[in-house]
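Q: Next up is a structure, given as structure tokens.
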Amino acid sequence: DSFRTESGRVREAALSFGFEESTGSLGGTKKVTVRNDGKKSVTFAVATEASDQSLDAKVSTSTKKVTVRPGRTATFSVSVSAKASSVPGSLSAEDQFSFSEISGDVVLTSRDSTLRVPYLLVPRSNSDVTAKGTLSSRGRVTDADRTIELSNRKGALDAASDVYTWGLSDKKDAPKAIADTGYDLRAAGVQSFTTAAGDQLAVFAVNTHSRWSNAASNEFDVVIDTDRDGKPEWVVFSYDSGAVRAGDVDGVAEVFVQNVETGELAPSGFLAQAPTDSSTILLPVDLGSLGVSGPFDYTVQSFSLTTDGSDAFAGTATYDPTDPAISNGQYEVVAKGARTAVSVRTDASAYAVQKPLGAMVVVVDNESGADEALLVTVK
């Protein structure tokens with residue numbers, strides 16, 4: 001397989017179909033070249049064999065038999081195809097990664113030998129949720145219930161949609177000289193609710209302009225100023241769990257809490273929700289453990305752990321879990337081909353203090369990047 005990289009064209013004895021996301025079909029065609037360095041012609045039977053972990057897919061070859069003459073080469077093509085609707089979504093209660101693959105071997109069998117050429121396609125099925133609606137006017141915010149219409153017209157699967165109070169925004173500004181591993185920040189928001197145990201839980205949602213392969217290859221820091229005096233007291237951050245706990249990376253993104261003054265570090269008790277090949281990470285934290293009982297300020301910064309890339313939002317956002325300016329936590333599953341309405345309430349007095357940007361609807365199964373966080377503004 002020959003393909004282009006940042007360092008030039010590379011050829012290897014495997015078929016890399018790469019990563020692909022779609023609402024329709026997935027797949028592609030690659031070529032296999034067999035070279036005979038011997039003195040006799042060799043005839044191979046050509047077949048394919050899926051791996052145990054592979055999703056069901058159609059894998060075909062352009063020929064069932066190939067003969068390679070001495071000192072010559074023979075080429076045939078291999079095609080992979082699957083429907084996006086056959087690929088599981090990005091959310092799984094059992095698997096943080098939610099990783100899917102179409103993989104196996106192209107098997108060439110002759111009388112005297114067997115050659116195997118591995119193939120791999122990493123598929124991601126997409127929903128197609130869009131949001132239509134506006135919140136109050138910034139100049140005259142009133143207590144009001146507004147409706148946001150969510151539509152999943154061309155989606156390959158039903159999609160979970162979750163509402164956050166949108167607090168921070170940033171343009172796409174990763175430098176071209178540094179590869180964007182999914183650290184370039186786009187938007188951030190928060191939702192909060194009381195758990196069955198009576199704890200006040202907050203979930204911070206951070207959306208980036210580009211996808212990561214694994215979120216644990218980046219660090220995302222939510223910097224919290226509990227008393228709004230301009231000096232942060234806590235950092236809630238995601239990091240590779242194994243690296244923190246054992247000094248040995250394991251690819252699992254866990255949420256930790258650090259006291260800024262003492263430097264003391266502790267696990268939050270939660271893993272991040274951060275599927276592979278995605279661009280929105282959720283960081284839950286018990287607000288009581290931070291001493292938060294009223295309004296606080298927060299901002300977000302990010303660091304790539306594999307490059308020199310980093311980013312940060314300019315300024316801070318204010319949020320009061322006891323009195324949100326824009327209601328949050330509304331959760332709807334939008335069926336494929338269907339639409340639904342979400343009611344979002346604006347509180348005028350709370351808005352005057354907190355001044356959020358609007359509502360942020362997180363749809364993890366949408367196309368990676370901006371579509372995973374739909375922004376509905378206060379105009």
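Identifiers in this document derive from the order of the structure tokens: chains are assigned A, B, ..., residues are numbered from 1 separately in each chain, and ligands are numbered from 1 in order of occurrence.
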Which residues, written as a list of chain:residue names, have at least one atom at most 9 Å from segment 325-328 of chain A, with only C-alpha atoms counted and residues fewer than 4 positions away on the same chain left out?

A: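 Counting only C-alpha atoms, the residues come to A:Asp162, A:Val163, A:Tyr164, A:Thr165, A:Trp166, A:Val190, A:Gln191, A:Ser192, A:Phe193, A:Tyr319, A:Asp320, A:Ser343, A:Val344, A:Arg345, A:Thr346, A:Asp347, A:Ala348, A:Ser349, A:Ala350, A:Tyr351, A:Ala352, A:Val353, A:Gln354, A:Lys355, A:Pro356, A:Gly358, A:Ala359, A:Met360.
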
Q: Can you pull out every residue within 8 Å of Thr322 of chain A, counting only C-alpha atoms, but drop anything in the same chain fewer than 3 positions away, and send it as a PyMOL selection string?

A: chain A and resi 293-295

Q: Counting only C-alpha atoms, which residues of segment 65-134 of chain A sit at most 12 Å from some atom of segment 243-258 of chain A, and what is each one's closest atom pair with its distance in Å to one decimal, listed by chain and rising residue number, as a Markdown table?

A:
| residue | atom | partner | partner_atom | distance |
| --- | --- | --- | --- | --- |
| A:Asp95 | CA | A:Val252 | CA | 10.3 |
| A:Gln96 | CA | A:Val252 | CA | 7.7 |
| A:Phe97 | CA | A:Val252 | CA | 8.1 |
| A:Ser98 | CA | A:Val252 | CA | 11.9 |

Q: Going by DSSP on the backbone, which bits of segment 36-244 of chain A are helix (DSSP H, G or I)? Write them as an MDAnalysis selection string, please.

A: chainID A and resid 84:86 138:140 215:217 241:244

Q: Restricting the calculation to only C-alpha atoms, which member of A:Gly291, A:Ser81, A:Thr33, A:Val361 is positioned closest to Gln330 of chain A?

A: A:Val361
